[in-house]
>>> print(open('start10.txt').read())   # compact mmCIF, N, CA and C atoms
# COMPACT_ATOMS: atom_id res chain seq x y z
N MET V 1 85.48 -106.49 235.58
CA MET V 1 84.50 -107.54 235.49
C MET V 1 83.85 -107.52 234.11
N THR V 2 83.73 -108.66 233.49
CA THR V 2 83.15 -108.78 232.17
C THR V 2 81.65 -109.04 232.27
N THR V 3 80.88 -108.30 231.50
CA THR V 3 79.45 -108.50 231.47
C THR V 3 79.15 -109.64 230.49
N ILE V 4 78.34 -110.58 230.94
CA ILE V 4 77.96 -111.69 230.08
C ILE V 4 76.67 -111.32 229.36
N ILE V 5 76.72 -111.39 228.05
CA ILE V 5 75.56 -111.05 227.24
C ILE V 5 74.95 -112.36 226.76
N PRO V 6 73.71 -112.65 227.17
CA PRO V 6 73.09 -113.91 226.77
C PRO V 6 72.92 -114.01 225.26
N PRO V 7 73.13 -115.19 224.70
CA PRO V 7 73.01 -115.37 223.25
C PRO V 7 71.63 -114.98 222.72
N GLU V 8 70.59 -115.16 223.51
CA GLU V 8 69.24 -114.84 223.04
C GLU V 8 69.05 -113.35 222.78
N THR V 9 69.98 -112.52 223.27
CA THR V 9 69.92 -111.08 223.00
C THR V 9 69.90 -110.80 221.51
N PHE V 10 70.62 -111.62 220.73
CA PHE V 10 70.77 -111.37 219.30
C PHE V 10 70.01 -112.35 218.41
N ALA V 11 69.51 -113.43 218.96
CA ALA V 11 68.89 -114.49 218.16
C ALA V 11 67.77 -113.94 217.29
N GLY V 12 67.94 -114.07 215.97
CA GLY V 12 66.91 -113.66 215.03
C GLY V 12 66.81 -112.17 214.77
N ARG V 13 67.63 -111.37 215.44
CA ARG V 13 67.58 -109.92 215.21
C ARG V 13 68.03 -109.62 213.78
N ARG V 14 67.29 -108.75 213.11
CA ARG V 14 67.59 -108.40 211.72
C ARG V 14 68.39 -107.10 211.72
N ILE V 15 69.66 -107.21 211.32
CA ILE V 15 70.58 -106.08 211.40
C ILE V 15 71.01 -105.65 210.00
N LEU V 16 70.74 -104.41 209.68
CA LEU V 16 71.20 -103.82 208.42
C LEU V 16 72.67 -103.44 208.56
N VAL V 17 73.48 -103.80 207.58
CA VAL V 17 74.88 -103.40 207.55
C VAL V 17 75.09 -102.52 206.33
N LEU V 18 75.50 -101.27 206.58
CA LEU V 18 75.81 -100.31 205.53
C LEU V 18 77.30 -100.00 205.60
N GLU V 19 78.05 -100.51 204.66
CA GLU V 19 79.51 -100.35 204.66
C GLU V 19 80.00 -100.48 203.23
N ASP V 20 80.79 -99.50 202.76
CA ASP V 20 81.27 -99.54 201.38
C ASP V 20 82.63 -100.21 201.21
N GLU V 21 83.31 -100.53 202.28
CA GLU V 21 84.57 -101.26 202.19
C GLU V 21 84.24 -102.75 202.32
N ARG V 22 84.37 -103.45 201.22
CA ARG V 22 83.90 -104.84 201.13
C ARG V 22 84.44 -105.75 202.24
N LEU V 23 85.72 -105.70 202.51
CA LEU V 23 86.29 -106.60 203.53
C LEU V 23 85.73 -106.30 204.91
N ILE V 24 85.56 -105.03 205.23
CA ILE V 24 84.97 -104.67 206.52
C ILE V 24 83.52 -105.12 206.57
N ALA V 25 82.79 -104.91 205.48
CA ALA V 25 81.38 -105.32 205.42
C ALA V 25 81.25 -106.82 205.66
N LEU V 26 82.09 -107.60 205.02
CA LEU V 26 82.03 -109.06 205.18
C LEU V 26 82.43 -109.48 206.59
N ASP V 27 83.40 -108.78 207.17
CA ASP V 27 83.81 -109.07 208.54
C ASP V 27 82.67 -108.81 209.51
N VAL V 28 82.01 -107.65 209.37
CA VAL V 28 80.88 -107.31 210.23
C VAL V 28 79.76 -108.33 210.05
N ARG V 29 79.47 -108.68 208.80
CA ARG V 29 78.43 -109.68 208.52
C ARG V 29 78.74 -111.00 209.23
N ASP V 30 79.96 -111.47 209.09
CA ASP V 30 80.34 -112.74 209.71
C ASP V 30 80.21 -112.70 211.22
N ILE V 31 80.64 -111.61 211.83
CA ILE V 31 80.55 -111.47 213.29
C ILE V 31 79.09 -111.47 213.72
N LEU V 32 78.26 -110.69 213.04
CA LEU V 32 76.84 -110.63 213.40
C LEU V 32 76.16 -111.98 213.24
N GLU V 33 76.51 -112.71 212.20
CA GLU V 33 75.94 -114.05 212.02
C GLU V 33 76.39 -114.99 213.13
N GLN V 34 77.62 -114.86 213.60
CA GLN V 34 78.09 -115.66 214.73
C GLN V 34 77.29 -115.34 215.99
N PHE V 35 76.85 -114.09 216.12
CA PHE V 35 76.02 -113.69 217.26
C PHE V 35 74.61 -114.26 217.17
N GLY V 36 74.22 -114.75 216.00
CA GLY V 36 72.87 -115.26 215.80
C GLY V 36 71.94 -114.30 215.09
N CYS V 37 72.48 -113.19 214.60
CA CYS V 37 71.68 -112.19 213.89
C CYS V 37 71.43 -112.63 212.45
N THR V 38 70.38 -112.08 211.88
CA THR V 38 70.12 -112.18 210.45
C THR V 38 70.60 -110.86 209.86
N VAL V 39 71.54 -110.93 208.92
CA VAL V 39 72.12 -109.72 208.35
C VAL V 39 71.38 -109.32 207.08
N LEU V 40 70.97 -108.06 207.04
CA LEU V 40 70.37 -107.47 205.84
C LEU V 40 71.50 -106.74 205.13
N GLY V 41 71.85 -107.20 203.96
CA GLY V 41 73.00 -106.67 203.24
C GLY V 41 74.16 -107.64 203.40
N PRO V 42 75.34 -107.13 203.48
CA PRO V 42 75.66 -105.71 203.57
C PRO V 42 75.42 -104.99 202.26
N VAL V 43 75.11 -103.69 202.39
CA VAL V 43 74.94 -102.82 201.24
C VAL V 43 75.96 -101.69 201.33
N ALA V 44 76.24 -101.07 200.17
CA ALA V 44 77.31 -100.08 200.12
C ALA V 44 76.83 -98.67 199.77
N THR V 45 75.51 -98.51 199.57
CA THR V 45 75.00 -97.19 199.18
C THR V 45 73.81 -96.77 200.05
N VAL V 46 73.61 -95.48 200.12
CA VAL V 46 72.47 -94.93 200.86
C VAL V 46 71.16 -95.43 200.25
N ASP V 47 71.05 -95.41 198.93
CA ASP V 47 69.81 -95.86 198.27
C ASP V 47 69.48 -97.31 198.60
N ALA V 48 70.48 -98.19 198.55
CA ALA V 48 70.24 -99.60 198.86
C ALA V 48 69.81 -99.76 200.32
N ALA V 49 70.43 -99.00 201.21
CA ALA V 49 70.06 -99.08 202.63
C ALA V 49 68.65 -98.58 202.86
N LEU V 50 68.28 -97.48 202.21
CA LEU V 50 66.93 -96.95 202.36
C LEU V 50 65.87 -97.92 201.85
N GLN V 51 66.17 -98.63 200.78
CA GLN V 51 65.24 -99.64 200.27
C GLN V 51 65.07 -100.78 201.27
N LEU V 52 66.18 -101.22 201.88
CA LEU V 52 66.08 -102.28 202.88
C LEU V 52 65.28 -101.83 204.10
N ILE V 53 65.47 -100.60 204.51
CA ILE V 53 64.71 -100.08 205.65
C ILE V 53 63.22 -100.09 205.33
N GLU V 54 62.89 -99.67 204.13
CA GLU V 54 61.48 -99.61 203.72
C GLU V 54 60.85 -100.99 203.58
N HIS V 55 61.57 -101.93 202.97
CA HIS V 55 60.98 -103.22 202.63
C HIS V 55 61.27 -104.34 203.63
N GLU V 56 62.36 -104.24 204.36
CA GLU V 56 62.75 -105.33 205.27
C GLU V 56 62.59 -104.96 206.75
N ASP V 57 62.47 -103.68 207.06
CA ASP V 57 62.24 -103.20 208.43
C ASP V 57 63.20 -103.84 209.43
N PRO V 58 64.49 -103.47 209.39
CA PRO V 58 65.48 -104.05 210.31
C PRO V 58 65.19 -103.70 211.76
N ASP V 59 65.71 -104.55 212.65
CA ASP V 59 65.61 -104.28 214.09
C ASP V 59 66.62 -103.23 214.53
N ALA V 60 67.76 -103.17 213.81
CA ALA V 60 68.84 -102.23 214.13
C ALA V 60 69.78 -102.18 212.93
N ALA V 61 70.81 -101.33 213.04
CA ALA V 61 71.75 -101.20 211.93
C ALA V 61 73.14 -100.85 212.42
N VAL V 62 74.11 -101.22 211.59
CA VAL V 62 75.51 -100.82 211.76
C VAL V 62 75.83 -99.97 210.54
N LEU V 63 76.20 -98.70 210.76
CA LEU V 63 76.38 -97.75 209.67
C LEU V 63 77.80 -97.22 209.59
N ASP V 64 78.39 -97.30 208.41
CA ASP V 64 79.60 -96.57 208.11
C ASP V 64 79.17 -95.12 207.88
N VAL V 65 80.08 -94.17 208.07
CA VAL V 65 79.72 -92.76 207.91
C VAL V 65 79.91 -92.29 206.48
N GLN V 66 81.11 -92.47 205.94
CA GLN V 66 81.44 -92.01 204.60
C GLN V 66 81.30 -93.15 203.60
N LEU V 67 80.52 -92.91 202.56
CA LEU V 67 80.24 -93.92 201.54
C LEU V 67 80.53 -93.35 200.17
N ASN V 68 81.72 -93.57 199.68
CA ASN V 68 82.10 -93.08 198.35
C ASN V 68 81.71 -91.63 198.13
N GLY V 69 82.07 -90.77 199.06
CA GLY V 69 81.82 -89.34 198.90
C GLY V 69 80.48 -88.84 199.42
N THR V 70 79.63 -89.73 199.89
CA THR V 70 78.37 -89.30 200.51
C THR V 70 78.39 -89.72 201.97
N THR V 71 77.40 -89.28 202.70
CA THR V 71 77.31 -89.63 204.11
C THR V 71 76.08 -90.50 204.36
N SER V 72 76.12 -91.28 205.41
CA SER V 72 74.99 -92.15 205.75
C SER V 72 73.93 -91.43 206.58
N GLU V 73 74.02 -90.13 206.70
CA GLU V 73 73.05 -89.36 207.48
C GLU V 73 71.59 -89.62 207.07
N PRO V 74 71.25 -89.70 205.77
CA PRO V 74 69.85 -89.99 205.42
C PRO V 74 69.38 -91.35 205.95
N VAL V 75 70.27 -92.31 206.02
CA VAL V 75 69.93 -93.63 206.55
C VAL V 75 69.69 -93.54 208.05
N ALA V 76 70.55 -92.80 208.73
CA ALA V 76 70.38 -92.60 210.17
C ALA V 76 69.04 -91.93 210.47
N GLU V 77 68.69 -90.93 209.68
CA GLU V 77 67.41 -90.23 209.87
C GLU V 77 66.23 -91.16 209.60
N ALA V 78 66.32 -92.00 208.56
CA ALA V 78 65.24 -92.94 208.25
C ALA V 78 65.07 -93.96 209.38
N LEU V 79 66.18 -94.42 209.93
CA LEU V 79 66.10 -95.36 211.05
C LEU V 79 65.49 -94.68 212.28
N ARG V 80 65.91 -93.47 212.53
CA ARG V 80 65.38 -92.75 213.68
C ARG V 80 63.88 -92.51 213.52
N ALA V 81 63.42 -92.20 212.31
CA ALA V 81 62.00 -91.99 212.05
C ALA V 81 61.18 -93.25 212.31
N LYS V 82 61.80 -94.42 212.09
CA LYS V 82 61.12 -95.70 212.34
C LYS V 82 61.40 -96.22 213.75
N GLU V 83 62.09 -95.39 214.54
CA GLU V 83 62.44 -95.74 215.92
C GLU V 83 63.27 -97.03 215.97
N ARG V 84 64.21 -97.13 215.05
CA ARG V 84 65.12 -98.28 215.00
C ARG V 84 66.50 -97.82 215.45
N PRO V 85 67.12 -98.52 216.38
CA PRO V 85 68.44 -98.12 216.87
C PRO V 85 69.54 -98.47 215.86
N PHE V 86 70.65 -97.77 215.98
CA PHE V 86 71.79 -98.04 215.12
C PHE V 86 73.07 -97.62 215.83
N LEU V 87 74.16 -98.15 215.35
CA LEU V 87 75.46 -97.71 215.82
C LEU V 87 76.30 -97.36 214.62
N VAL V 88 77.33 -96.57 214.86
CA VAL V 88 78.19 -96.07 213.80
C VAL V 88 79.54 -96.76 213.90
N LEU V 89 80.01 -97.28 212.77
CA LEU V 89 81.32 -97.91 212.67
C LEU V 89 82.13 -97.04 211.72
N THR V 90 83.16 -96.37 212.24
CA THR V 90 83.88 -95.39 211.44
C THR V 90 85.31 -95.21 211.91
N ALA V 91 86.12 -94.60 211.07
CA ALA V 91 87.47 -94.21 211.45
C ALA V 91 87.48 -92.76 211.95
N TYR V 92 86.35 -92.07 211.83
CA TYR V 92 86.25 -90.68 212.25
C TYR V 92 86.01 -90.56 213.76
N ARG V 93 86.38 -89.41 214.28
CA ARG V 93 86.07 -89.10 215.68
C ARG V 93 84.65 -88.56 215.75
N ARG V 94 84.07 -88.66 216.94
CA ARG V 94 82.70 -88.18 217.13
C ARG V 94 82.57 -86.71 216.74
N SER V 95 83.60 -85.92 216.96
CA SER V 95 83.54 -84.49 216.65
C SER V 95 83.39 -84.22 215.14
N HIS V 96 83.67 -85.21 214.30
CA HIS V 96 83.51 -85.06 212.86
C HIS V 96 82.13 -85.52 212.37
N LEU V 97 81.31 -86.00 213.27
CA LEU V 97 79.98 -86.49 212.90
C LEU V 97 78.94 -85.41 213.14
N SER V 98 77.78 -85.58 212.50
CA SER V 98 76.71 -84.60 212.68
C SER V 98 75.36 -85.30 212.82
N GLY V 99 74.38 -84.55 213.27
CA GLY V 99 73.00 -85.04 213.36
C GLY V 99 72.86 -86.33 214.12
N ALA V 100 72.03 -87.21 213.57
CA ALA V 100 71.73 -88.49 214.21
C ALA V 100 72.97 -89.36 214.34
N LEU V 101 73.92 -89.21 213.42
CA LEU V 101 75.15 -90.01 213.50
C LEU V 101 75.95 -89.66 214.75
N LYS V 102 75.97 -88.40 215.11
CA LYS V 102 76.74 -87.94 216.27
C LYS V 102 76.16 -88.48 217.58
N GLU V 103 74.86 -88.73 217.59
CA GLU V 103 74.18 -89.19 218.81
C GLU V 103 74.27 -90.70 219.02
N ALA V 104 74.65 -91.44 218.00
CA ALA V 104 74.65 -92.91 218.05
C ALA V 104 75.89 -93.45 218.76
N PRO V 105 75.79 -94.67 219.28
CA PRO V 105 76.99 -95.32 219.80
C PRO V 105 78.03 -95.41 218.69
N LEU V 106 79.29 -95.23 219.05
CA LEU V 106 80.38 -95.15 218.07
C LEU V 106 81.39 -96.26 218.29
N LEU V 107 81.70 -96.98 217.22
CA LEU V 107 82.76 -97.98 217.22
C LEU V 107 83.80 -97.55 216.20
N ASN V 108 85.06 -97.71 216.55
CA ASN V 108 86.14 -97.36 215.64
C ASN V 108 86.52 -98.55 214.79
N LYS V 109 86.91 -98.25 213.55
CA LYS V 109 87.45 -99.28 212.66
C LYS V 109 88.90 -99.51 213.03
N PRO V 110 89.41 -100.71 212.87
CA PRO V 110 88.71 -101.91 212.43
C PRO V 110 87.77 -102.42 213.52
N VAL V 111 86.80 -103.22 213.11
CA VAL V 111 85.78 -103.70 214.04
C VAL V 111 86.40 -104.61 215.10
N ASP V 112 86.01 -104.38 216.33
CA ASP V 112 86.42 -105.20 217.46
C ASP V 112 85.19 -106.02 217.87
N GLU V 113 85.27 -107.34 217.76
CA GLU V 113 84.11 -108.20 218.01
C GLU V 113 83.51 -107.99 219.39
N ARG V 114 84.34 -107.87 220.41
CA ARG V 114 83.85 -107.69 221.77
C ARG V 114 83.09 -106.37 221.92
N LYS V 115 83.66 -105.30 221.36
CA LYS V 115 83.00 -103.99 221.44
C LYS V 115 81.72 -103.96 220.61
N LEU V 116 81.73 -104.63 219.48
CA LEU V 116 80.51 -104.71 218.67
C LEU V 116 79.42 -105.42 219.45
N ARG V 117 79.75 -106.53 220.10
CA ARG V 117 78.78 -107.27 220.89
C ARG V 117 78.19 -106.39 222.00
N THR V 118 79.06 -105.69 222.71
CA THR V 118 78.62 -104.86 223.83
C THR V 118 77.72 -103.72 223.36
N ASN V 119 78.16 -103.02 222.30
CA ASN V 119 77.39 -101.88 221.80
C ASN V 119 76.07 -102.31 221.17
N LEU V 120 76.10 -103.42 220.44
CA LEU V 120 74.87 -103.93 219.84
C LEU V 120 73.88 -104.36 220.93
N SER V 121 74.39 -104.99 221.95
CA SER V 121 73.54 -105.41 223.07
C SER V 121 72.86 -104.19 223.70
N GLY V 122 73.60 -103.09 223.80
CA GLY V 122 73.04 -101.87 224.38
C GLY V 122 71.88 -101.30 223.58
N LEU V 123 71.86 -101.58 222.28
CA LEU V 123 70.75 -101.10 221.45
C LEU V 123 69.44 -101.78 221.79
N PHE V 124 69.51 -103.00 222.35
CA PHE V 124 68.30 -103.80 222.61
C PHE V 124 67.88 -103.78 224.07
N GLN V 125 68.44 -102.91 224.85
CA GLN V 125 68.06 -102.84 226.27
C GLN V 125 67.07 -101.75 226.52
>>> encode(input="start10.txt", output="structure tokens")
Amino acid sequence: MTTIIPPETFAGRRILVLEDERLIALDVRDILEQFGCTVLGPVATVDAALQLIEHEDPDAAVLDVQLNGTTSEPVAEALRAKERPFLVLTAYRRSHLSGALKEAPLLNKPVDERKLRTNLSGLFQ
């Protein structure tokens, strides 16, 4: 049985997208905009994401794990400190994640629109 997620679940939600692979970032952005979200970014660095968290205060985030040799763990910690939910979009298995990233809902790359909708909806319940 398929769960129906009402469109108002996402309407106006401000979602930070942190992804260093441009095509994936644009794909995630387009999907989120189709859901009715306002996308912050996408950004490709930890510093840019931290600035958006500080100045734009997102409702939630979609985080890649590995960003040109660094990890998005500081972004996950900043979101957790502000009590903002996030999910992880990665090619890694959960066993390769640590800290706040390991505790977050996990989506595998490439992004699956249906799974993104379901997992994002779970962040707002």
>>> residues_around(input="start10.txt", residues="Val39 (chain V)", least_positions_apart="2", cutoff="8 Å", atoms="only C-alpha atoms", output="CSV table (one decimal) with N, CA and C atoms, in the coordinates of the input")
chain,number,residue,atom,x,y,z
V,14,ARG,N,67.3,-108.8,213.1
V,14,ARG,CA,67.6,-108.4,211.7
V,14,ARG,C,68.4,-107.1,211.7
V,15,ILE,N,69.7,-107.2,211.3
V,15,ILE,CA,70.6,-106.1,211.4
V,15,ILE,C,71.0,-105.6,210.0
V,16,LEU,N,70.7,-104.4,209.7
V,16,LEU,CA,71.2,-103.8,208.4
V,16,LEU,C,72.7,-103.4,208.6
V,17,VAL,N,73.5,-103.8,207.6
V,17,VAL,CA,74.9,-103.4,207.6
V,17,VAL,C,75.1,-102.5,206.3
V,29,ARG,N,79.5,-108.7,208.8
V,29,ARG,CA,78.4,-109.7,208.5
V,29,ARG,C,78.7,-111.0,209.2
V,32,LEU,N,78.3,-110.7,213.0
V,32,LEU,CA,76.8,-110.6,213.4
V,32,LEU,C,76.2,-112.0,213.2
V,33,GLU,N,76.5,-112.7,212.2
V,33,GLU,CA,75.9,-114.0,212.0
V,33,GLU,C,76.4,-115.0,213.1
V,37,CYS,N,72.5,-113.2,214.6
V,37,CYS,CA,71.7,-112.2,213.9
V,37,CYS,C,71.4,-112.6,212.4
V,41,GLY,N,71.8,-107.2,204.0
V,41,GLY,CA,73.0,-106.7,203.2
V,41,GLY,C,74.2,-107.6,203.4
V,42,PRO,N,75.3,-107.1,203.5
V,42,PRO,CA,75.7,-105.7,203.6
V,42,PRO,C,75.4,-105.0,202.3
>>> select_by_dssp(input="start10.txt", residues="region 19-52 of chain V", states="strand (DSSP E)", output="list in words")
Thr38, Val39, Leu40, Gly41, Pro42 and Val43 of chain V
>>> residues_around(input="start10.txt", residues="Gly12 (chain V)", least_positions_apart="6", cutoff="7 Å", atoms="only N, CA and C atoms", output="ChimeraX atom specification")
/V:35-38
>>> residues_around(input="start10.txt", residues="region 52-66 of chain V", least_positions_apart="6", cutoff="6.5 Å", atoms="only N, CA and C atoms", output="PyMOL selection string")
chain V and resi 13-20+72-73+84-90
>>> select_by_dssp(input="start10.txt", residues="chain V", states="helix (DSSP H, G or I)", output="VMD selection string")
chain V and resid 7 to 9 22 to 35 46 to 56 73 to 81 94 to 96 99 to 103 113 to 123
>>> residues_near_point(input="start10.txt", point="(82.5, -105.4, 210.7)", cutoff="8 Å", atoms="all atoms listed in the file", output="ChimeraX atom specification")
/V:23-32,89,110-113
>>> atom_distance(input="start10.txt", atom1="atom N of Ser98 (chain V)", atom2="CA of Phe10 (chain V)")
27.6 Å
>>> atom_distance(input="start10.txt", atom1="CA of Leu120 (chain V)", atom2="CA of Leu106 (chain V)")
10.5 Å
>>> atom_distance(input="start10.txt", atom1="atom C of Pro105 (chain V)", atom2="atom C of Thr71 (chain V)")
15.3 Å
>>> residues_near_point(input="start10.txt", point="(68.5, -85.3, 208.9)", cutoff="8 Å", atoms="only C-alpha atoms", output="MDAnalysis selection string")
chainID V and resid 73:74 76:77 99:100
>>> closest_residue(input="start10.txt", among="V:Leu67, V:Arg80, V:Lys102, V:Arg114", to="Ala48 (chain V)", atoms="only C-alpha atoms")
V:Leu67
